[in-house]
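Source file: entry_31.cif; contents: mmCIF, C-alpha atoms.
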data_input
#
loop_
_atom_site.label_atom_id
_atom_site.label_comp_id
_atom_site.auth_asym_id
_atom_site.auth_seq_id
_atom_site.Cartn_x
_atom_site.Cartn_y
_atom_site.Cartn_z
CA MET A 884 175.13 98.36 36.83
CA PHE A 885 174.59 94.75 37.89
CA ARG A 886 171.73 92.45 36.96
CA THR A 887 170.99 88.81 37.84
CA ILE A 888 169.76 86.13 35.43
CA LYS A 889 167.97 83.14 36.96
CA LEU A 890 168.53 79.94 34.93
CA LYS A 891 167.34 76.40 35.44
CA LEU A 892 169.88 73.55 35.36
CA PRO A 893 169.24 69.83 34.92
CA TYR A 894 169.23 67.77 38.12
CA ASP A 895 172.71 66.24 38.36
CA LYS A 896 174.38 64.09 41.06
CA ALA A 897 177.73 65.86 40.63
CA LEU A 898 176.12 69.22 41.37
CA PHE A 899 174.23 67.76 44.33
CA GLU A 900 177.44 66.31 45.81
CA THR A 901 179.27 69.61 45.20
CA ALA A 902 176.54 71.52 47.05
CA ARG A 903 176.61 69.02 49.92
CA GLN A 904 180.40 69.21 50.31
CA PHE A 905 180.34 73.01 49.98
CA ARG A 906 177.77 73.17 52.81
CA GLU A 907 179.96 70.91 54.94
CA ALA A 908 182.98 73.19 54.32
CA LYS A 909 181.01 76.24 55.44
CA GLN A 910 179.88 74.42 58.60
CA ILE A 911 183.47 73.48 59.49
CA VAL A 912 184.47 77.16 59.31
CA LEU A 913 181.45 78.24 61.40
CA ASP A 914 182.09 75.57 64.07
CA TYR A 915 185.79 76.50 64.27
CA SER A 916 184.85 80.15 64.66
CA PHE A 917 182.64 79.52 67.71
CA GLU A 918 184.89 76.92 69.34
CA ASN A 919 188.01 79.12 69.08
CA LYS A 920 186.26 82.51 69.38
CA VAL A 921 187.74 83.68 66.06
CA PHE A 922 185.43 86.09 64.22
CA ASN A 923 187.94 88.09 62.18
CA LYS A 924 187.57 87.20 58.48
CA ASN A 925 191.28 87.28 57.54
CA LYS A 926 192.36 85.32 60.63
CA LEU A 927 189.56 82.80 60.15
CA ASN A 928 190.51 82.26 56.50
CA LYS A 929 194.16 81.57 57.38
CA GLU A 930 193.38 79.17 60.24
CA THR A 931 190.66 77.13 58.52
CA TYR A 932 192.00 76.63 54.98
CA LYS A 933 194.19 73.65 55.87
CA ILE A 934 191.51 72.10 58.12
CA VAL A 935 188.83 72.26 55.40
CA SER A 936 191.22 71.00 52.69
CA GLU A 937 192.21 67.96 54.81
CA LYS A 938 188.66 67.08 55.86
CA ILE A 939 187.17 67.58 52.36
CA PRO A 940 189.98 66.82 49.85
CA ILE A 941 187.41 66.31 47.08
CA LEU A 942 186.64 70.08 47.10
CA THR A 943 188.93 72.25 44.95
CA SER A 944 190.95 75.06 46.56
CA ALA A 945 188.91 77.75 44.77
CA LEU A 946 185.65 76.37 46.19
CA VAL A 947 187.22 76.06 49.66
CA GLN A 948 188.10 79.75 49.53
CA THR A 949 184.59 80.83 48.48
CA ALA A 950 183.08 78.56 51.18
CA ARG A 951 185.25 80.29 53.83
CA ASN A 952 184.26 83.72 52.51
CA GLN A 953 180.56 82.86 52.59
CA ALA A 954 180.84 81.48 56.15
CA SER A 955 182.65 84.65 57.28
CA GLU A 956 179.89 86.80 55.76
CA ALA A 957 177.26 84.72 57.60
CA LEU A 958 179.05 85.48 60.87
CA LYS A 959 179.21 89.17 60.05
CA SER A 960 175.52 89.47 59.17
CA THR A 961 174.33 87.51 62.24
CA LYS A 962 174.49 88.49 65.89
CA ILE A 963 177.25 86.26 67.26
CA GLU A 964 175.35 84.72 70.18
CA LYS A 965 174.86 81.08 69.23
CA LYS A 966 176.13 78.61 66.67
CA ILE A 967 174.93 78.94 63.10
CA LYS A 968 173.74 75.77 61.40
CA LYS A 969 173.95 76.02 57.60
CA ARG A 970 171.17 73.89 56.07
CA SER A 971 170.80 75.59 52.68
CA MET A 972 172.26 73.83 49.64
CA THR A 973 174.01 76.66 47.78
CA VAL A 974 177.36 77.08 46.03
CA ARG A 975 179.04 80.38 45.21
CA TYR A 976 181.09 80.53 42.01
CA ASN A 977 183.56 83.23 40.94
CA ASN A 978 185.25 83.87 37.58
CA ARG A 979 187.74 81.06 38.28
CA THR A 980 185.13 78.38 38.88
CA PHE A 981 182.46 79.10 36.24
CA LYS A 982 182.09 80.25 32.65
CA PHE A 983 178.79 81.11 30.96
CA TYR A 984 178.29 80.65 27.20
CA PRO A 985 175.05 82.49 26.26
CA GLU A 986 175.31 81.66 22.52
CA SER A 987 175.11 77.91 23.13
CA TYR A 988 173.01 78.11 26.35
CA THR A 989 175.60 76.22 28.35
CA ILE A 990 177.54 76.87 31.54
CA SER A 991 180.83 75.38 32.74
CA LEU A 992 181.06 74.73 36.50
CA THR A 993 183.71 73.34 38.83
CA THR A 994 182.33 70.30 40.66
CA VAL A 995 183.69 67.48 42.83
CA ASN A 996 183.99 65.47 39.58
CA GLY A 997 186.05 68.17 37.87
CA ARG A 998 184.99 70.84 35.40
CA LEU A 999 181.68 69.94 33.75
CA VAL A 1000 179.48 71.67 31.16
CA PHE A 1001 175.70 71.80 31.69
CA PRO A 1002 172.87 73.01 29.42
CA VAL A 1003 170.69 75.81 30.80
CA ALA A 1004 167.08 76.61 30.03
CA GLN A 1005 166.59 79.41 27.51
CA SER A 1006 165.51 82.71 29.00
CA PRO A 1007 164.70 86.14 27.45
CA MET A 1008 166.86 87.69 30.22
CA ILE A 1009 170.00 86.29 28.50
CA ASP A 1010 169.42 88.50 25.45
CA LYS A 1011 168.21 91.43 27.55
CA TYR A 1012 171.20 91.55 29.93
CA LYS A 1013 174.50 91.31 28.07
CA GLY A 1014 177.86 92.17 29.59
CA GLU A 1015 180.56 90.62 31.75
CA TYR A 1016 179.49 87.58 33.76
CA THR A 1017 181.21 88.19 37.11
CA ASN A 1018 179.93 85.46 39.45
CA ALA A 1019 177.18 82.90 39.94
CA HIS A 1020 175.20 81.37 42.77
CA LEU A 1021 173.95 77.78 42.59
CA VAL A 1022 170.70 77.17 44.51
CA PHE A 1023 169.63 73.59 45.18
CA ASN A 1024 166.06 72.61 46.18
CA GLU A 1025 166.59 69.18 47.70
CA ARG A 1026 162.91 68.42 48.31
CA LYS A 1027 161.73 69.29 44.77
CA LYS A 1028 165.01 68.13 43.17
CA LYS A 1029 165.42 71.38 41.24
CA ILE A 1030 168.61 73.34 40.57
CA PHE A 1031 168.83 77.01 39.63
CA ILE A 1032 171.85 79.20 39.01
CA MET A 1033 171.83 82.98 39.48
CA VAL A 1034 174.35 84.53 37.07
CA GLN A 1035 175.39 88.10 37.82
CA VAL A 1036 176.00 90.39 34.83
CA GLU A 1037 177.94 93.64 34.95
CA MET A 1038 176.62 96.08 32.35
CA PRO A 1039 177.76 99.61 31.49
CA ASP A 1040 175.74 102.33 33.24
CA LYS A 1041 173.45 104.34 31.01
CA GLU A 1042 174.48 107.99 30.84
CA VAL A 1043 171.93 110.30 32.42
CA ASP A 1044 171.72 113.39 30.22
CA LYS A 1045 171.82 116.54 32.38
CA LYS A 1046 169.20 118.61 30.56
CA GLU A 1047 168.28 122.23 31.17
CA ASN A 1048 164.54 121.67 30.68
CA VAL A 1049 164.40 118.56 32.81
CA ARG A 1050 161.05 117.00 33.71
CA VAL A 1051 160.82 116.03 37.39
CA LEU A 1052 158.17 113.77 38.92
CA GLY A 1053 157.47 113.80 42.66
CA ILE A 1054 156.15 110.64 44.32
CA TYR A 1055 154.56 110.34 47.75
CA ARG A 1056 154.28 106.84 49.21
CA GLY A 1057 151.54 106.43 51.79
CA ILE A 1058 149.30 103.83 53.40
CA LYS A 1059 145.89 104.95 52.10
CA ASN A 1060 147.46 105.54 48.68
CA ILE A 1061 150.42 103.33 47.74
CA ALA A 1062 151.78 106.09 45.52
CA VAL A 1063 150.57 109.58 44.62
CA LEU A 1064 152.33 111.31 41.70
CA SER A 1065 152.71 115.06 41.31
CA ASN A 1066 150.99 114.83 37.89
CA ASN A 1067 147.68 113.90 39.66
CA ILE A 1068 147.96 110.10 39.22
CA PHE A 1069 146.87 108.04 42.26
CA PHE A 1070 147.62 104.37 43.05
CA ASN A 1071 145.26 103.62 45.93
CA SER A 1072 145.62 100.71 48.34
CA LYS A 1073 141.98 99.50 48.29
CA HIS A 1074 142.73 96.28 46.39
CA LEU A 1075 145.92 95.72 48.42
CA MET A 1076 144.07 96.05 51.75
CA GLU A 1077 141.28 93.71 50.60
CA VAL A 1078 143.69 90.94 49.58
CA LYS A 1079 145.99 91.45 52.58
CA GLY A 1080 142.91 91.41 54.88
CA ARG A 1081 141.85 88.00 53.49
CA TYR A 1082 145.37 86.63 53.95
CA GLN A 1083 145.59 87.95 57.53
CA TYR A 1084 142.24 86.36 58.40
CA MET A 1085 143.31 82.98 56.97
CA LYS A 1086 146.70 83.18 58.76
CA LYS A 1087 144.96 83.89 62.06
CA LYS A 1088 142.69 80.83 61.64
CA LEU A 1089 145.63 78.57 60.74
CA GLN A 1090 147.75 79.82 63.66
CA HIS A 1091 144.86 79.06 66.00
CA LEU A 1092 144.67 75.46 64.72
CA GLY A 1093 148.38 74.86 65.34
CA THR A 1094 148.52 71.48 63.54
CA ARG A 1095 151.39 70.36 61.32
CA SER A 1096 149.27 70.62 58.16
CA ALA A 1097 148.12 74.11 59.27
CA HIS A 1098 151.78 75.18 59.60
CA ARG A 1099 152.49 73.89 56.08
CA LYS A 1100 149.47 75.75 54.73
CA LEU A 1101 150.54 78.87 56.64
CA LYS A 1102 153.99 78.74 55.03
CA LYS A 1103 152.47 78.48 51.53
CA LEU A 1104 150.04 81.30 52.29
CA SER A 1105 152.85 83.59 53.47
CA LYS A 1106 154.76 82.98 50.23
CA ARG A 1107 151.64 83.67 48.16
CA ASP A 1108 151.05 86.89 50.14
CA ARG A 1109 154.65 87.98 49.50
CA ARG A 1110 154.40 87.23 45.76
CA PHE A 1111 151.20 89.27 45.49
CA LEU A 1112 152.80 92.35 47.09
CA ARG A 1113 155.94 91.96 44.98
CA ASP A 1114 153.90 91.73 41.76
CA LEU A 1115 151.88 94.82 42.71
CA ASN A 1116 155.06 96.84 43.33
CA HIS A 1117 156.43 95.67 39.96
CA ILE A 1118 153.25 96.84 38.17
CA ILE A 1119 153.26 100.28 39.87
CA SER A 1120 157.01 100.87 39.33
CA LYS A 1121 156.71 99.87 35.64
CA LYS A 1122 153.87 102.36 35.10
CA ILE A 1123 155.83 105.13 36.84
CA ILE A 1124 158.97 104.57 34.75
CA SER A 1125 156.95 104.52 31.50
CA LEU A 1126 155.85 108.14 32.13
CA PRO A 1127 157.74 110.86 30.16
CA TYR A 1128 159.88 112.17 33.05
CA ASP A 1129 163.68 112.44 33.31
CA VAL A 1130 164.01 112.53 37.11
CA ILE A 1131 161.98 110.58 39.70
CA THR A 1132 161.95 112.10 43.19
CA LEU A 1133 161.09 110.06 46.29
CA GLU A 1134 161.14 110.93 49.96
CA ALA A 1135 163.76 109.18 52.08
CA LEU A 1136 161.56 107.10 54.41
CA ASN A 1137 162.37 105.14 57.56
CA PRO A 1138 159.46 102.69 58.20
CA ALA A 1139 161.10 101.41 61.43
CA LYS A 1140 161.07 104.94 62.85
CA MET A 1141 157.44 105.35 61.78
CA LYS A 1142 156.47 102.27 63.80
CA LYS A 1143 158.02 103.81 66.91
CA ASN A 1144 156.29 107.17 66.43
CA PHE A 1145 152.83 105.66 65.79
CA LYS A 1146 151.95 103.09 68.43
CA GLY A 1147 148.32 102.45 67.47
CA LYS A 1148 147.55 98.78 66.78
CA ARG A 1149 145.42 99.60 63.73
CA PHE A 1150 148.17 101.80 62.22
CA ARG A 1151 150.88 99.17 62.83
CA LYS A 1152 148.69 96.55 61.18
CA LYS A 1153 148.32 98.74 58.09
CA LEU A 1154 152.04 99.52 58.13
CA GLY A 1155 152.74 95.78 58.10
CA SER A 1156 150.90 95.56 54.76
CA TRP A 1157 153.07 98.33 53.32
CA SER A 1158 156.31 97.84 51.42
CA PRO A 1159 157.71 101.26 50.39
CA ALA A 1160 161.35 100.10 50.40
CA GLU A 1161 160.64 97.40 47.81
CA LEU A 1162 158.75 99.87 45.60
CA GLU A 1163 161.71 102.26 45.85
CA LYS A 1164 164.15 99.49 44.90
CA PHE A 1165 162.06 98.52 41.85
CA ILE A 1166 161.77 102.16 40.70
CA GLU A 1167 165.55 102.64 41.09
CA TYR A 1168 166.64 99.64 39.03
CA LYS A 1169 164.00 100.23 36.31
CA ALA A 1170 165.04 103.89 36.12
CA GLU A 1171 168.68 102.85 35.80
CA GLU A 1172 167.82 100.66 32.80
CA SER A 1173 165.82 103.49 31.19
CA GLY A 1174 168.56 106.10 31.64
CA LYS A 1175 166.50 108.06 34.18
CA GLU A 1176 167.65 109.43 37.52
CA VAL A 1177 166.19 108.80 40.98
CA ILE A 1178 166.70 111.39 43.73
CA LEU A 1179 165.85 110.95 47.42
CA VAL A 1180 164.92 114.06 49.42
CA ASN A 1181 164.23 114.85 53.07
CA PRO A 1182 160.42 114.74 53.60
CA ARG A 1183 160.52 117.18 56.54
CA TYR A 1184 157.52 119.58 56.55
CA THR A 1185 156.28 118.32 53.15
CA SER A 1186 152.87 117.46 54.67
CA GLN A 1187 152.54 120.90 56.36
CA LYS A 1188 153.86 123.06 53.52
CA CYS A 1189 151.63 124.57 50.82
CA SER A 1190 152.85 123.51 47.37
CA ARG A 1191 151.68 126.83 45.86
CA CYS A 1192 152.88 129.54 48.28
CA GLY A 1193 155.28 127.62 50.55
CA TYR A 1194 153.44 128.55 53.77
CA ILE A 1195 154.15 126.02 56.55
CA LYS A 1196 151.67 125.35 59.35
CA LYS A 1197 150.73 122.12 61.10
CA SER A 1198 147.00 122.92 60.98
CA ASN A 1199 147.12 123.16 57.15
CA ARG A 1200 146.51 119.43 56.96
CA LYS A 1201 143.45 117.70 58.38
CA GLY A 1202 143.25 114.01 57.49
CA SER A 1203 143.23 113.57 53.71
CA THR A 1204 142.53 117.27 53.01
CA PHE A 1205 145.06 120.09 52.79
CA LYS A 1206 143.82 123.69 53.13
CA CYS A 1207 146.39 126.49 53.16
CA LYS A 1208 145.75 128.95 56.01
CA ASN A 1209 147.58 131.65 54.05
CA ARG A 1210 145.86 131.58 50.64
CA GLY A 1211 142.93 129.20 51.23
CA ILE A 1212 144.06 126.74 48.53
CA GLU A 1213 142.44 123.33 49.04
CA LEU A 1214 143.56 119.99 47.53
CA ASN A 1215 144.24 116.36 48.42
CA ALA A 1216 146.84 116.18 51.20
CA ASP A 1217 148.86 113.38 49.56
CA LEU A 1218 148.89 115.22 46.22
CA ASN A 1219 150.17 118.34 47.99
CA VAL A 1220 153.04 116.30 49.49
CA SER A 1221 153.98 114.87 46.08
CA LYS A 1222 154.11 118.38 44.59
CA ASN A 1223 156.40 119.52 47.43
CA ILE A 1224 158.63 116.48 46.78
CA GLU A 1225 158.78 117.47 43.09
CA VAL A 1226 159.99 121.00 44.02
CA LEU A 1227 162.64 119.54 46.35
CA GLY A 1228 163.68 117.14 43.59
CA LYS A 1229 164.20 119.96 41.09
CA SER A 1230 166.39 121.99 43.47
CA GLU A 1231 168.41 118.86 44.41
CA TYR A 1232 168.87 117.92 40.73
CA PHE A 1233 170.26 121.34 39.77
CA ARG A 1234 172.44 121.42 42.91
CA LEU A 1235 173.99 118.07 41.92
CA LYS A 1236 174.32 119.24 38.32
CA SER A 1237 176.22 122.42 39.29
CA ALA A 1238 178.43 120.41 41.66
CA SER A 1239 179.36 117.93 38.89
CA GLN A 1240 180.09 120.80 36.48
CA SER A 1241 182.39 122.45 39.05
CA LEU A 1242 184.20 119.14 39.51
CA ARG A 1243 184.73 118.78 35.74
CA ILE A 1244 186.07 122.36 35.53
CA ASN A 1245 188.53 121.68 38.37
CA GLU A 1246 189.69 118.46 36.70
CA THR A 1247 190.23 120.35 33.41
CA LEU A 1248 192.29 123.01 35.18
CA LEU A 1249 194.45 120.37 36.90
CA THR A 1250 194.95 118.14 33.86
CA GLY A 1251 195.01 120.81 31.17
CA GLY A 1252 192.23 119.00 29.33
CA ASP A 1253 194.51 116.16 28.10
CA GLY A 1254 194.48 113.92 31.16
CA ASP A 1255 198.00 114.82 32.37
CA LEU A 1256 198.27 116.40 35.80
CA GLN A 1257 199.42 120.03 35.65
CA GLN A 1258 199.88 122.76 38.19
CA ALA A 1259 196.68 124.70 38.78
CA PRO A 1260 196.85 128.28 37.47
CA LYS A 1261 197.21 131.07 40.01
CA LEU A 1262 194.19 133.34 40.21
#
Render the structure in this file as structure tokens.
Amino acid sequence: MFRTIKLKLPYDKALFETARQFREAKQIVLDYSFENKVFNKNKLNKETYKIVSEKIPILTSALVQTARNQASEALKSTKIEKKIKKRSMTVRYNNRTFKFYPESYTISLTTVNGRLVFPVAQSPMIDKYKGEYTNAHLVFNERKKKIFIMVQVEMPDKEVDKKENVRVLGIYRGIKNIAVLSNNIFFNSKHLMEVKGRYQYMKKKLQHLGTRSAHRKLKKLSKRDRRFLRDLNHIISKKIISLPYDVITLEALNPAKMKKNFKGKRFRKKLGSWSPAELEKFIEYKAEESGKEVILVNPRYTSQKCSRCGYIKKSNRKGSTFKCKNRGIELNADLNVSKNIEVLGKSEYFRLKSASQSLRINETLLTGGDGDLQQAPKL
């Protein structure tokens, strides 16, 4: 698994000049691409290497190559309709251009002034994430004169023990309730909606003003809004992972499709305050660190199906209440969905377990158990 450590570097002119020249190299590649209609990565790399090296001789060949790669990726991720102007001050480093020394809290980086060593601010993440340091990303804030470096660490994956008596937790993510767990724990969205409502009101007022200072305030407000939602998802995911369960089951959601199906203005406004994908991402990486497994299942009919008897009927659910037409069982509709997700998670877990066991048996038959390929026995 991969983790990223964010470290603060001292403000240095050599790093600033390196970032500036790196940005210029990326822009040369992007301009060449649009002028000559070359969008293929391999072709672009071959045709621009000499041009960039001649125009910016101060930049080392390794940094020229990473600048070309980053420019090619920008072309790939953007609809090729108009020229891309790279304004961000960032530098990508690979294992040839950087070396991190966690024991001494220093990092060696290739710059326009040669290879230099810089001290980094101490961080608890350095001790928490230990492994192979594969690459780094230098981020430069020109206005605030701050430099950060994101160091990527490759760590060994924690083995997920395939138990017989596995404990599975089903999670339903909704709008009224951010998350409902199959063990009767609810995370409602009342506080989220209150805070988001205040932010939306303030944004509306600032947009109406339209002044330069209002735009600046609006930008700050949007960032604060985003941080609040991110922090809330971190808190919920941390609480979920701390529960004594081996497998976490989530439904595979498509929020974009949901927006198309539900065209009501009020619903779309609520959906805009919702961030299920981020919550899923946080649960996944926290589960990976804890040696737990996350399974995604198809949510089809989970809201219509009774979690006790399995009877499916659309009229079973009315708003936030679920009442089975077959057995008359009544419970919270979101809780019923989470219990159905738990059942689906259990069946998917054991299906994957049996598939992996079959694969290991086949490998043993082919290799004879010692790693050497042998002819499979005739049955």
Can you tell me which residues surround region 998-1000 of chain A at a distance of at most 9 Å, considering only C-alpha atoms, apart from same-chain residues fewer than 4 positions away, and format the answer as a PDB file with C-alpha atoms, in the coordinates of the input?
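Result file is selection-v4.pdb:
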ATOM      1  CA  ALA A 897     177.730  65.860  40.630  1.00  0.00           C
ATOM      2  CA  THR A 980     185.130  78.380  38.880  1.00  0.00           C
ATOM      3  CA  PHE A 981     182.460  79.100  36.240  1.00  0.00           C
ATOM      4  CA  THR A 989     175.600  76.220  28.350  1.00  0.00           C
ATOM      5  CA  ILE A 990     177.540  76.870  31.540  1.00  0.00           C
ATOM      6  CA  SER A 991     180.830  75.380  32.740  1.00  0.00           C
ATOM      7  CA  LEU A 992     181.060  74.730  36.500  1.00  0.00           C
ATOM      8  CA  THR A 993     183.710  73.340  38.830  1.00  0.00           C
ATOM      9  CA  THR A 994     182.330  70.300  40.660  1.00  0.00           C
TER      10      THR A 994
END
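Among the candidate residues A:Asn1199, A:Thr901, A:Asn952, A:Thr1185, the one lying nearest to Ile939 (chain A) is A:Thr901, with distances computed using only C-alpha atoms.
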What residues come out when you apply the PyMOL selection byres ((chain A and resi 1052) around 9) to this file, written as a PyMOL selection string? chain A and resi 1050-1051+1053-1054+1064-1066+1128-1133+1221-1222+1224-1225+1228-1229
Explicit residues for the PyMOL selection byres ((chain A and resi 1036) around 10) (as a tab-separated table (two decimals) with C-alpha atoms, in the coordinates of the input):
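Okay, this is what ended up in result.tsv:
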chain	number	residue	atom	x	y	z
A	884	MET	CA	175.13	98.36	36.83
A	885	PHE	CA	174.59	94.75	37.89
A	886	ARG	CA	171.73	92.45	36.96
A	887	THR	CA	170.99	88.81	37.84
A	888	ILE	CA	169.76	86.13	35.43
A	1009	ILE	CA	170.00	86.29	28.50
A	1012	TYR	CA	171.20	91.55	29.93
A	1013	LYS	CA	174.50	91.31	28.07
A	1014	GLY	CA	177.86	92.17	29.59
A	1015	GLU	CA	180.56	90.62	31.75
A	1016	TYR	CA	179.49	87.58	33.76
A	1017	THR	CA	181.21	88.19	37.11
A	1018	ASN	CA	179.93	85.46	39.45
A	1019	ALA	CA	177.18	82.90	39.94
A	1033	MET	CA	171.83	82.98	39.48
A	1034	VAL	CA	174.35	84.53	37.07
A	1035	GLN	CA	175.39	88.10	37.82
A	1037	GLU	CA	177.94	93.64	34.95
A	1038	MET	CA	176.62	96.08	32.35
A	1039	PRO	CA	177.76	99.61	31.49
Which value, in Å to one decimal, gives the distance between CA of Arg1109 (chain A) and CA of Ile1124 (chain A)?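 Straight-line distance from CA of Arg1109 (chain A) to CA of Ile1124 (chain A) works out to 22.6 Å.
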Show me, as AutoDock Vina command-line options, the centre and edge lengths in Å to one decimal of the axis-aligned box that covers every listed atom of region 994-998 of chain A with 5 Å on each side.
--center_x 184.2 --center_y 68.2 --center_z 39.1 --size_x 13.7 --size_y 15.4 --size_z 17.4
